[in-house]
file final-v5.cif (mmCIF, C-alpha atoms and all ligand atoms)
data_final
loop_
_atom_site.label_atom_id
_atom_site.label_comp_id
_atom_site.auth_asym_id
_atom_site.auth_seq_id
_atom_site.Cartn_x
_atom_site.Cartn_y
_atom_site.Cartn_z
CA MET U 8 48.09 222.02 -61.02
CA LYS U 9 45.38 220.59 -58.84
CA THR U 10 46.19 220.56 -55.14
CA VAL U 11 45.09 217.57 -53.20
CA PRO U 12 44.16 218.42 -49.58
CA SER U 13 46.28 216.44 -47.18
CA PRO U 14 44.20 214.03 -45.11
CA ALA U 15 43.36 215.24 -41.60
CA VAL U 16 45.74 213.79 -39.04
CA PRO U 17 43.69 211.71 -36.61
CA PRO U 18 44.27 212.64 -32.97
CA ASP U 19 46.69 210.39 -31.12
CA PRO U 20 44.52 208.78 -28.41
CA SER U 21 47.37 207.25 -26.40
CA PRO U 22 48.23 210.05 -23.88
CA PHE U 23 44.59 210.42 -22.87
CA LEU U 24 44.21 206.64 -22.70
CA SER U 25 46.81 206.48 -19.95
CA LEU U 26 44.89 209.14 -17.98
CA ILE U 27 41.68 207.13 -18.34
CA GLU U 28 43.51 204.04 -17.05
CA SER U 29 44.93 205.99 -14.10
CA LYS U 30 41.50 207.24 -13.09
CA ARG U 31 39.97 203.79 -13.62
CA ASP U 32 42.59 202.37 -11.22
CA GLY U 33 41.84 205.02 -8.59
CA ARG U 34 44.94 207.20 -9.00
CA GLU U 35 44.88 210.98 -8.63
CA LEU U 36 45.31 213.05 -11.81
CA SER U 37 47.49 216.15 -11.81
CA PRO U 38 45.91 219.61 -12.34
CA GLU U 39 47.96 219.98 -15.55
CA SER U 40 46.65 216.76 -17.06
CA ILE U 41 43.05 217.67 -16.17
CA ALA U 42 43.46 221.13 -17.71
CA GLY U 43 44.97 219.48 -20.80
CA PHE U 44 42.16 217.01 -21.40
CA VAL U 45 39.43 219.62 -20.82
CA ARG U 46 41.15 221.85 -23.41
CA ASP U 47 41.56 218.97 -25.89
CA PHE U 48 38.00 217.74 -25.45
CA THR U 49 36.60 221.25 -25.96
CA SER U 50 38.61 221.69 -29.16
CA GLY U 51 37.47 218.31 -30.51
CA ALA U 52 40.88 216.61 -30.24
CA ILE U 53 39.54 214.00 -27.79
CA PRO U 54 36.69 211.89 -29.19
CA ASP U 55 33.41 211.41 -27.31
CA TYR U 56 34.00 207.66 -26.84
CA GLN U 57 37.18 208.30 -24.87
CA MET U 58 35.68 211.12 -22.81
CA SER U 59 32.71 208.85 -22.04
CA ALA U 60 35.14 206.31 -20.58
CA MET U 61 36.82 209.03 -18.50
CA LEU U 62 33.45 210.26 -17.20
CA MET U 63 32.49 206.73 -16.19
CA ALA U 64 35.89 206.26 -14.48
CA ILE U 65 35.28 209.52 -12.55
CA TYR U 66 31.75 208.38 -11.73
CA PHE U 67 33.08 205.21 -10.07
CA ALA U 68 36.46 206.35 -8.70
CA GLY U 69 35.44 209.89 -7.69
CA MET U 70 37.79 212.86 -7.55
CA THR U 71 39.84 214.41 -4.78
CA PRO U 72 39.09 218.05 -3.87
CA ALA U 73 42.25 219.08 -5.78
CA GLU U 74 41.10 217.23 -8.88
CA THR U 75 37.58 218.69 -8.66
CA ARG U 76 39.09 222.16 -8.34
CA ALA U 77 41.33 221.62 -11.38
CA LEU U 78 38.37 220.35 -13.41
CA THR U 79 36.18 223.29 -12.37
CA LEU U 80 38.80 225.92 -13.20
CA ALA U 81 39.64 224.29 -16.53
CA MET U 82 35.96 224.26 -17.45
CA ARG U 83 35.54 227.91 -16.42
CA ASP U 84 38.56 228.87 -18.51
CA SER U 85 37.33 227.00 -21.59
CA GLY U 86 35.48 230.19 -22.61
CA GLU U 87 34.86 233.82 -21.81
CA VAL U 88 34.79 234.94 -18.16
CA LEU U 89 32.71 238.04 -17.36
CA THR U 90 34.67 241.05 -16.18
CA PHE U 91 32.96 243.88 -14.35
CA PRO U 92 34.21 247.41 -13.64
CA ASP U 93 35.15 248.18 -10.03
CA ASP U 94 32.01 249.10 -8.14
CA PRO U 95 31.00 248.91 -4.47
CA ARG U 96 27.95 246.77 -5.29
CA PRO U 97 28.80 243.08 -4.69
CA ILE U 98 28.25 240.65 -7.58
CA VAL U 99 26.00 237.81 -6.44
CA ASP U 100 23.90 234.95 -7.76
CA LYS U 101 21.89 232.00 -6.56
CA HIS U 102 21.79 228.49 -7.95
CA SER U 103 19.21 225.83 -7.30
CA THR U 104 19.57 222.17 -8.12
CA GLY U 105 16.01 222.42 -9.42
CA GLY U 106 12.54 221.19 -8.69
CA VAL U 107 8.85 221.42 -9.45
CA GLY U 108 7.39 224.91 -9.09
CA ASP U 109 10.84 226.29 -8.19
CA LYS U 110 10.51 229.85 -9.42
CA VAL U 111 12.68 231.50 -6.74
CA SER U 112 15.09 233.11 -9.24
CA LEU U 113 12.31 235.19 -10.82
CA PRO U 114 11.41 237.30 -7.78
CA LEU U 115 14.87 236.98 -6.23
CA ALA U 116 16.91 238.57 -9.04
CA PRO U 117 15.04 241.95 -8.99
CA LEU U 118 14.89 241.85 -5.18
CA LEU U 119 18.68 241.53 -5.05
CA ALA U 120 19.12 244.37 -7.55
CA ALA U 121 16.78 246.48 -5.39
CA LEU U 122 19.01 245.65 -2.42
CA ASP U 123 21.94 247.15 -4.35
CA PHE U 124 23.61 243.98 -5.54
CA ARG U 125 24.76 243.31 -9.09
CA VAL U 126 23.12 240.14 -10.40
CA PRO U 127 24.44 238.56 -13.62
CA MET U 128 22.05 235.60 -13.48
CA ILE U 129 22.88 232.97 -16.09
CA SER U 130 20.20 230.30 -16.01
CA GLY U 131 19.34 227.02 -17.67
CA ARG U 132 16.42 225.29 -19.32
CA GLY U 133 14.22 222.66 -17.79
CA LEU U 134 14.82 219.02 -18.49
CA GLY U 135 12.49 216.21 -17.43
CA ILE U 136 10.27 217.20 -14.54
CA THR U 137 12.29 220.14 -13.29
CA GLY U 138 11.50 223.53 -14.76
CA GLY U 139 14.08 226.01 -16.04
CA THR U 140 14.21 229.76 -15.49
CA LEU U 141 14.90 230.42 -19.19
CA ASP U 142 11.75 228.61 -20.30
CA LYS U 143 9.71 230.61 -17.80
CA LEU U 144 11.21 233.92 -18.95
CA GLU U 145 10.53 233.04 -22.58
CA SER U 146 6.80 232.86 -21.84
CA ILE U 147 6.95 236.69 -21.53
CA PRO U 148 6.04 238.39 -24.83
CA GLY U 149 9.19 239.73 -26.52
CA PHE U 150 11.64 238.91 -23.72
CA THR U 151 15.04 237.80 -25.01
CA THR U 152 17.27 235.51 -22.97
CA GLN U 153 20.15 235.79 -25.44
CA LEU U 154 22.57 238.45 -24.29
CA ASP U 155 26.19 238.47 -25.32
CA PRO U 156 28.69 238.93 -22.48
CA ALA U 157 29.32 242.63 -23.25
CA ARG U 158 25.60 243.45 -23.24
CA LEU U 159 25.05 241.41 -20.09
CA VAL U 160 27.80 243.29 -18.22
CA GLU U 161 26.54 246.66 -19.50
CA GLN U 162 22.97 245.89 -18.36
CA VAL U 163 24.08 244.66 -14.93
CA GLN U 164 26.12 247.85 -14.45
CA ARG U 165 23.18 250.00 -15.55
CA ILE U 166 20.17 248.44 -13.80
CA GLY U 167 21.77 245.88 -11.46
CA VAL U 168 20.37 242.73 -13.04
CA ALA U 169 20.33 240.59 -16.18
CA MET U 170 18.77 237.16 -16.66
CA ALA U 171 20.08 235.24 -19.62
CA GLY U 172 21.14 231.88 -21.02
CA GLN U 173 24.66 230.61 -21.37
CA THR U 174 26.22 231.92 -24.60
CA ASP U 175 28.34 229.83 -26.98
CA THR U 176 31.41 231.73 -25.86
CA MET U 177 31.00 230.98 -22.15
CA ILE U 178 31.91 227.62 -20.56
CA PRO U 179 31.81 225.57 -23.81
CA ALA U 180 33.41 222.64 -21.96
CA ASP U 181 30.37 222.33 -19.70
CA LYS U 182 27.99 222.31 -22.65
CA LYS U 183 29.88 219.44 -24.33
CA LEU U 184 30.51 217.49 -21.14
CA TYR U 185 26.94 217.85 -19.88
CA ALA U 186 25.52 216.60 -23.21
CA LEU U 187 27.78 213.55 -22.97
CA ARG U 188 26.97 212.89 -19.29
CA ASP U 189 23.29 213.04 -20.12
CA VAL U 190 23.60 210.07 -22.52
CA THR U 191 26.21 208.03 -20.64
CA GLY U 192 24.60 207.68 -17.21
CA THR U 193 27.21 209.91 -15.57
CA VAL U 194 25.10 212.87 -14.41
CA PRO U 195 24.74 211.90 -10.71
CA SER U 196 28.41 212.24 -9.74
CA ILE U 197 29.21 214.76 -7.01
CA PRO U 198 32.56 215.95 -8.48
CA LEU U 199 31.06 216.24 -11.97
CA ILE U 200 27.99 218.14 -10.71
CA THR U 201 30.20 220.38 -8.56
CA ALA U 202 32.45 221.23 -11.52
CA SER U 203 29.51 221.77 -13.86
CA ILE U 204 27.65 224.14 -11.54
CA LEU U 205 30.66 226.02 -10.22
CA SER U 206 32.41 226.47 -13.56
CA LYS U 207 29.34 228.44 -14.66
CA LYS U 208 29.14 230.45 -11.45
CA LEU U 209 32.87 231.25 -11.43
CA ALA U 210 32.57 232.50 -15.04
CA GLU U 211 30.22 235.19 -13.66
CA SER U 212 33.05 236.52 -11.44
CA LEU U 213 30.88 236.42 -8.34
CA ASN U 214 31.69 237.76 -4.89
CA ALA U 215 29.01 235.63 -3.24
CA LEU U 216 26.71 232.75 -4.08
CA VAL U 217 23.74 231.15 -2.37
CA MET U 218 23.10 227.52 -3.29
CA ASP U 219 19.69 225.95 -2.81
CA VAL U 220 20.27 222.20 -2.82
CA LYS U 221 17.04 220.26 -2.90
CA PHE U 222 16.25 216.76 -1.76
CA GLY U 223 13.12 214.66 -2.10
CA ALA U 224 10.89 212.84 -4.57
CA ALA U 225 11.26 215.44 -7.34
CA ALA U 226 14.87 216.46 -6.67
CA PHE U 227 18.09 215.44 -8.29
CA MET U 228 19.22 214.02 -4.93
CA PRO U 229 16.35 212.02 -3.41
CA ALA U 230 17.93 211.71 0.07
CA GLU U 231 18.94 214.55 2.37
CA PRO U 232 22.42 213.16 3.25
CA GLU U 233 23.36 213.08 -0.47
CA ALA U 234 22.07 216.63 -0.89
CA ARG U 235 24.28 217.68 2.05
CA ARG U 236 27.34 215.98 0.53
CA LEU U 237 26.77 217.85 -2.73
CA ALA U 238 26.21 221.11 -0.86
CA ASP U 239 29.45 220.66 1.12
CA SER U 240 31.40 219.85 -2.03
CA ILE U 241 30.13 222.98 -3.82
CA ALA U 242 30.46 225.31 -0.84
CA SER U 243 34.00 224.29 0.10
CA LEU U 244 35.28 224.55 -3.47
CA ALA U 245 33.52 227.87 -4.10
CA GLU U 246 35.04 229.31 -0.91
CA ALA U 247 38.47 228.00 -1.93
CA CYS U 248 38.03 229.82 -5.25
CA GLY U 249 37.25 233.10 -3.46
CA VAL U 250 33.44 233.10 -3.71
CA ARG U 251 31.68 233.49 -0.35
CA THR U 252 29.02 230.79 -0.36
CA ALA U 253 25.99 229.87 1.74
CA VAL U 254 23.97 226.72 1.31
CA LEU U 255 20.29 226.06 1.95
CA ILE U 256 19.01 222.49 1.94
CA SER U 257 15.34 222.46 1.02
CA ASP U 258 12.56 219.93 0.61
CA MET U 259 11.31 218.98 -2.85
CA ASN U 260 8.73 216.35 -1.95
CA THR U 261 6.00 218.98 -2.40
CA PRO U 262 6.02 221.59 -5.21
CA LEU U 263 7.18 225.06 -4.23
CA GLY U 264 4.33 227.57 -4.24
CA ARG U 265 0.96 226.69 -5.70
CA SER U 266 1.69 226.56 -9.41
CA ALA U 267 3.89 224.65 -11.84
CA GLY U 268 4.13 225.51 -15.53
CA ASN U 269 6.03 228.28 -17.26
CA TRP U 270 3.60 231.18 -17.56
CA LEU U 271 1.72 230.18 -14.39
CA GLU U 272 5.01 230.46 -12.48
CA ILE U 273 5.63 233.94 -13.90
CA GLN U 274 2.18 234.96 -12.61
CA GLU U 275 2.95 233.54 -9.16
CA SER U 276 6.34 235.27 -9.11
CA MET U 277 4.61 238.60 -9.77
CA GLU U 278 2.40 237.97 -6.73
CA CYS U 279 5.56 237.42 -4.69
CA LEU U 280 7.04 240.68 -6.02
CA GLU U 281 3.79 242.40 -5.03
CA ASN U 282 4.26 241.07 -1.49
CA LYS U 283 1.52 238.46 -1.85
CA GLY U 284 1.43 234.84 -2.95
CA PRO U 285 2.44 231.58 -1.27
CA GLU U 286 4.33 231.77 2.00
CA ASP U 287 6.84 228.96 1.21
CA LEU U 288 7.99 230.78 -1.94
CA ARG U 289 8.25 234.11 -0.15
CA GLN U 290 10.24 232.56 2.71
CA LEU U 291 12.77 230.94 0.39
CA VAL U 292 13.20 234.16 -1.62
CA VAL U 293 13.75 236.15 1.60
CA GLU U 294 16.15 233.52 2.96
CA CYS U 295 18.31 233.54 -0.19
CA ALA U 296 18.53 237.34 -0.11
CA ALA U 297 19.27 237.33 3.64
CA GLN U 298 22.12 234.82 3.19
CA LEU U 299 23.70 237.02 0.52
CA LEU U 300 23.38 240.10 2.75
CA ILE U 301 25.20 238.23 5.51
CA LEU U 302 27.94 236.96 3.18
CA THR U 303 28.65 240.43 1.85
CA SER U 304 28.52 242.07 5.29
CA GLY U 305 25.40 244.01 4.38
CA ALA U 306 23.64 242.97 7.60
CA ARG U 307 24.44 242.63 11.32
CA ASP U 308 22.93 239.17 11.69
CA LEU U 309 20.41 236.88 10.07
CA ALA U 310 17.43 238.54 11.77
CA ASP U 311 18.55 241.96 10.51
CA ALA U 312 19.20 240.52 7.02
CA ARG U 313 15.73 238.98 6.84
CA THR U 314 14.11 242.23 7.96
CA ARG U 315 15.96 244.15 5.24
CA ALA U 316 14.86 241.66 2.57
CA ILE U 317 11.23 241.66 3.80
CA ASP U 318 11.10 245.47 3.97
CA CYS U 319 12.56 245.78 0.50
CA LEU U 320 9.97 243.36 -0.91
CA ALA U 321 7.19 245.36 0.76
CA SER U 322 8.54 248.66 -0.62
CA GLY U 323 7.53 247.82 -4.23
CA LYS U 324 11.07 248.57 -5.47
CA PRO U 325 11.74 244.97 -6.64
CA ARG U 326 8.49 244.99 -8.68
CA ARG U 327 9.59 248.21 -10.39
CA LYS U 328 13.04 246.69 -10.93
CA TRP U 329 11.34 243.72 -12.63
CA ASN U 330 9.73 246.13 -15.14
CA GLU U 331 13.15 247.69 -15.80
CA LEU U 332 14.54 244.21 -16.42
CA LEU U 333 11.73 243.38 -18.86
CA ALA U 334 12.20 246.66 -20.74
CA ALA U 335 15.98 246.15 -20.93
CA GLN U 336 15.52 242.68 -22.44
CA GLY U 337 12.96 243.62 -25.08
CA ALA U 338 9.67 242.58 -23.44
CA ASP U 339 6.39 244.17 -24.45
CA LEU U 340 5.30 245.57 -21.08
CA ASP U 341 1.70 246.31 -22.11
CA ALA U 342 1.23 242.81 -23.52
CA PHE U 343 2.81 241.40 -20.35
CA GLN U 344 0.47 243.35 -18.06
CA ARG U 345 -2.54 242.32 -20.16
CA ARG U 346 -1.54 238.67 -20.01
CA LEU U 347 -1.02 238.87 -16.25
CA ARG U 348 -4.67 239.82 -15.83
CA LEU U 349 -5.94 236.70 -17.63
CA ASP U 350 -7.19 233.83 -15.50
CA HIS U 351 -5.71 231.33 -17.97
CA THR U 352 -4.01 231.35 -21.36
CA ALA U 353 -4.30 227.65 -22.23
CA ALA U 354 -7.32 226.54 -24.28
CA HIS U 355 -8.71 224.10 -21.70
CA LEU U 356 -9.08 224.47 -17.96
CA VAL U 357 -10.37 221.71 -15.67
CA GLU U 358 -10.56 221.47 -11.91
CA VAL U 359 -9.66 218.52 -9.71
CA PRO U 360 -12.11 218.41 -6.80
CA ALA U 361 -11.59 216.87 -3.37
CA THR U 362 -13.92 213.95 -2.80
CA ARG U 363 -13.85 213.91 0.99
CA ASP U 364 -13.39 216.05 4.09
CA GLY U 365 -9.99 216.20 5.66
CA MET U 366 -6.53 217.66 5.64
CA VAL U 367 -4.20 217.40 2.65
CA SER U 368 -1.29 215.24 3.83
CA ARG U 369 0.53 214.76 0.51
CA CYS U 370 0.91 216.72 -2.72
CA ASP U 371 3.52 214.72 -4.62
CA ALA U 372 5.93 216.93 -6.52
CA ARG U 373 7.07 214.09 -8.76
CA VAL U 374 3.56 213.29 -10.00
CA ILE U 375 2.76 216.99 -10.48
CA GLY U 376 6.05 217.47 -12.37
CA GLU U 377 5.37 214.50 -14.63
CA VAL U 378 1.86 215.68 -15.44
CA VAL U 379 3.07 219.21 -16.26
CA ARG U 380 5.84 217.80 -18.44
CA ASP U 381 3.37 215.56 -20.32
CA LEU U 382 0.94 218.46 -20.81
CA GLY U 383 3.78 220.04 -22.82
CA GLY U 384 5.22 222.27 -20.08
CA GLY U 385 8.51 220.34 -19.84
CA ARG U 386 10.88 218.41 -22.03
CA LEU U 387 11.13 214.68 -22.66
CA THR U 388 14.18 215.33 -24.86
CA LYS U 389 16.32 218.41 -25.48
CA GLU U 390 14.45 218.96 -28.77
CA SER U 391 10.94 219.02 -27.20
CA ILE U 392 8.98 222.22 -27.82
CA ILE U 393 7.62 223.85 -24.66
CA ASP U 394 4.01 225.08 -24.40
CA PRO U 395 4.26 228.08 -22.03
CA ALA U 396 0.54 228.20 -21.25
CA VAL U 397 0.04 224.72 -19.79
CA GLY U 398 0.49 223.62 -16.20
CA ILE U 399 -1.20 223.25 -12.85
CA ASP U 400 -2.20 225.96 -10.39
CA ARG U 401 -4.15 226.53 -7.16
CA LEU U 402 -2.45 223.46 -5.72
CA ALA U 403 -3.71 222.34 -2.33
CA LYS U 404 -0.72 221.63 -0.10
CA PRO U 405 -0.06 219.63 3.06
CA GLY U 406 -1.87 221.25 5.97
CA ASP U 407 -4.75 222.65 3.88
CA VAL U 408 -8.20 221.63 5.08
CA VAL U 409 -10.62 220.63 2.30
CA ARG U 410 -14.30 219.66 1.98
CA PRO U 411 -15.87 217.63 -0.84
CA GLY U 412 -15.98 219.77 -3.98
CA ASP U 413 -13.13 222.09 -2.91
CA ILE U 414 -10.43 222.41 -5.54
CA LEU U 415 -7.25 220.34 -5.12
CA CYS U 416 -5.81 222.00 -8.22
CA ARG U 417 -6.62 223.30 -11.70
CA ILE U 418 -5.17 221.88 -14.92
CA HIS U 419 -4.33 224.15 -17.86
CA ALA U 420 -4.08 222.11 -21.06
CA ALA U 421 -3.81 222.63 -24.79
CA THR U 422 -6.39 219.95 -25.65
CA GLU U 423 -9.46 218.52 -23.98
CA ALA U 424 -8.02 214.99 -24.15
CA GLY U 425 -4.81 216.23 -22.48
CA ALA U 426 -6.81 217.95 -19.75
CA LEU U 427 -8.86 214.83 -18.98
CA ALA U 428 -5.83 212.53 -18.97
CA ALA U 429 -4.03 214.91 -16.59
CA GLN U 430 -7.11 215.15 -14.37
CA ALA U 431 -7.13 211.38 -13.86
CA ARG U 432 -3.38 211.21 -13.15
CA VAL U 433 -3.10 214.21 -10.91
CA ALA U 434 -5.55 212.82 -8.39
CA GLU U 435 -2.80 210.28 -7.50
CA ALA U 436 -0.60 213.13 -6.31
CA PHE U 437 -2.89 213.99 -3.38
CA GLU U 438 -3.66 212.29 -0.12
CA VAL U 439 -6.36 213.69 2.15
CA SER U 440 -6.30 212.38 5.74
CA ASP U 441 -8.82 212.54 8.56
CA LEU U 442 -8.82 215.75 10.55
CA THR U 443 -7.61 215.23 14.08
CA SER U 444 -10.19 216.07 16.77
CA ASP U 445 -8.47 219.39 17.49
CA GLY U 446 -7.98 220.17 13.75
N1 LIG Y 1 23.06 221.33 -12.98
C1 LIG Y 1 24.18 221.62 -13.69
O1 LIG Y 1 24.34 222.73 -14.15
N2 LIG Y 1 25.09 220.66 -13.85
C2 LIG Y 1 24.95 219.41 -13.36
O2 LIG Y 1 25.83 218.60 -13.53
C3 LIG Y 1 23.79 219.13 -12.64
C4 LIG Y 1 22.86 220.12 -12.45
#
call {"tool": "encode", "arguments": {"input": "final-v5.cif", "output": "structure tokens"}}
result
Amino acid sequence: MKTVPSPAVPPDPSPFLSLIESKRDGRELSPESIAGFVRDFTSGAIPDYQMSAMLMAIYFAGMTPAETRALTLAMRDSGEVLTFPDDPRPIVDKHSTGGVGDKVSLPLAPLLAALDFRVPMISGRGLGITGGTLDKLESIPGFTTQLDPARLVEQVQRIGVAMAGQTDTMIPADKKLYALRDVTGTVPSIPLITASILSKKLAESLNALVMDVKFGAAAFMPAEPEARRLADSIASLAEACGVRTAVLISDMNTPLGRSAGNWLEIQESMECLENKGPEDLRQLVVECAAQLLILTSGARDLADARTRAIDCLASGKPRRKWNELLAAQGADLDAFQRRLRLDHTAAHLVEVPATRDGMVSRCDARVIGEVVRDLGGGRLTKESIIDPAVGIDRLAKPGDVVRPGDILCRIHAATEAGALAAQARVAEAFEVSDLTSDG
């Protein structure tokens, strides 16, 4: 006898519909109902069209702190949560809301491991003009960013640090919700951003977190007050969930450091680990480490914490830790060292010269980010293929004095046409002003 499969029972949309209506009308949802709809959406029982309506209702009506907490915990619990053996070394991480040239995680992770923290750093990819740590790491020959939770925990226990991407088994609710927010205009919502970021951080079982919330032309939050509201939302919820949290608010009108582009940022990060390189990058790396030392009682006060971070950077230990990290995650160290010594790895290199005397008064991070993205260093869509070699380096920054012919930046491109197009556009990023009489 032939068996006929019974037709799938369509999900009953009515209970979730009443929750959407409640949120639309500004009522508070209970923690149980939030946990229920996160579970049902993750399993596929709630269709995207209904969740889109809920996200838009949250976008307009907002969420109370209790609702945001329930959403965050439900998202964390949608997948595997890392568990670490008891150990005196605190478990810490940093998160940045992202920007152009923001490579802080690369030198910071080995610095923290050298300071005797455990650092299970789970990072993301770049989208649009903001770069992503995973894309930068993948420009290293052989380096894998795919570690399953057991391997990640083992590596952190053994060498103090792992840098990897989110696995399919961790925080699946965030993956699905973020993809939907991206196409429904619901990304810039403080409760939704808070839940998205913190669900991932809580799944790392952290003791302490430092958040770098950026504002400015190339940041997620253009204005400082909005950045502060997001920072407060994240910090108060993280503390309520038992994670000691410090927040830095930093400017993203100008790129961080003097290079933007995946491999170029690895090169600049190595300079930082060798106690050289741009001062703004070094200061932010030291500040993040110092905040974590304070939060975990590893320092008397901020001055002492900064001194410890600076001394550690100067000791060379974080640079050696970086090599341990590369070896643990499959990188070819000889090929890496050889590539580090190259002046450029892209096929075409052009310079952008200054045309007048003066002081650089603007180096626009948004324009620089757009040019790097269009050279192939960033993504226009999630499917875009990244070219690790392209980007911009030797950026002149506000305060630099230039003469005609001095370099404002160099462009690394895959094609000559791409290099010339970028050269014309990038000039718009700079403003050179008259020197004052005492300048
Ligand atoms: N980064 C995240 O991980 N989630 C957001 O919602 C925004 C930025």
call {"tool": "closest_residue", "arguments": {"input": "final-v5.cif", "among": "U:Ile200, U:Asp142, U:Glu35, U:Thr193", "to": "ligand LIG 1 (chain Y)", "atoms": "only C-alpha atoms and all ligand atoms"}}
result
U:Ile200
call {"tool": "residues_around", "arguments": {"input": "final-v5.cif", "residues": "Ile399 in chain U", "least_positions_apart": "3", "cutoff": "12 Å", "atoms": "all atoms listed in the file", "output": "ChimeraX atom specification"}}
result
/U:107-108,262,264-272,275,351,353,355-359,372,374-384,395-396,402-403,414-420,426,429-430,433
call {"tool": "atom_distance", "arguments": {"input": "final-v5.cif", "atom1": "CA of Cys295 in chain U", "atom2": "CA of Val217 in chain U"}}
result
6.3 Å
call {"tool": "residues_around", "arguments": {"input": "final-v5.cif", "residues": "range 362-367 of chain U", "least_positions_apart": "4", "cutoff": "10 Å", "atoms": "only C-alpha atoms", "output": "list in words"}}
result
Ala403, Lys404, Pro405, Gly406, Asp407, Val408, Val409, Arg410, Pro411, Gly412, Asp413, Ile414, Leu415, Phe437, Glu438, Val439, Ser440, Asp441, Leu442, Thr443 and Gly446 of chain U
call {"tool": "closest_residue", "arguments": {"input": "final-v5.cif", "among": "U:Ile27, U:Val194, U:Ala121, U:Ile136", "to": "ligand LIG 1 (chain Y)", "atoms": "only C-alpha atoms and all ligand atoms"}}
result
U:Val194
call {"tool": "residues_near_ligand", "arguments": {"input": "final-v5.cif", "ligand": "ligand LIG 1 (chain Y)", "cutoff": "7 Å", "atoms": "only C-alpha atoms and all ligand atoms", "output": "VMD selection string"}}
result
chain U and resid 104 185 194 199 to 201 203 to 204
call {"tool": "closest_residue", "arguments": {"input": "final-v5.cif", "among": "U:Ala42, U:Leu159, U:Ala215, U:Leu113", "to": "Glu246 in chain U", "atoms": "all atoms listed in the file"}}
result
U:Ala215
call {"tool": "axis_aligned_box", "arguments": {"input": "final-v5.cif", "around": "range 254-257 of chain U", "padding_each_side": "6 Å", "output": "lines of an AutoDock Vina configuration file"}}
result
center_x = 19.7
center_y = 224.6
center_z = 1.5
size_x = 20.6
size_y = 16.3
size_z = 12.9
call {"tool": "residues_near_point", "arguments": {"input": "final-v5.cif", "point": "(11.6, 216.1, -6.5)", "cutoff": "8 Å", "atoms": "only C-alpha atoms", "output": "list in words"}}
result
Gly106, Val107, Thr137, Lys221, Phe222, Gly223, Ala224, Ala225, Ala226, Phe227, Pro229, Met259, Asn260, Thr261, Pro262, Ala372 and Arg373 of chain U
call {"tool": "residues_around", "arguments": {"input": "final-v5.cif", "residues": "Ser50 in chain U", "least_positions_apart": "3", "cutoff": "12 Å", "atoms": "only C-alpha atoms", "output": "number ranges by chain"}}
result
U: 18, 43-47, 53-55, 85-86, 179-180, 183
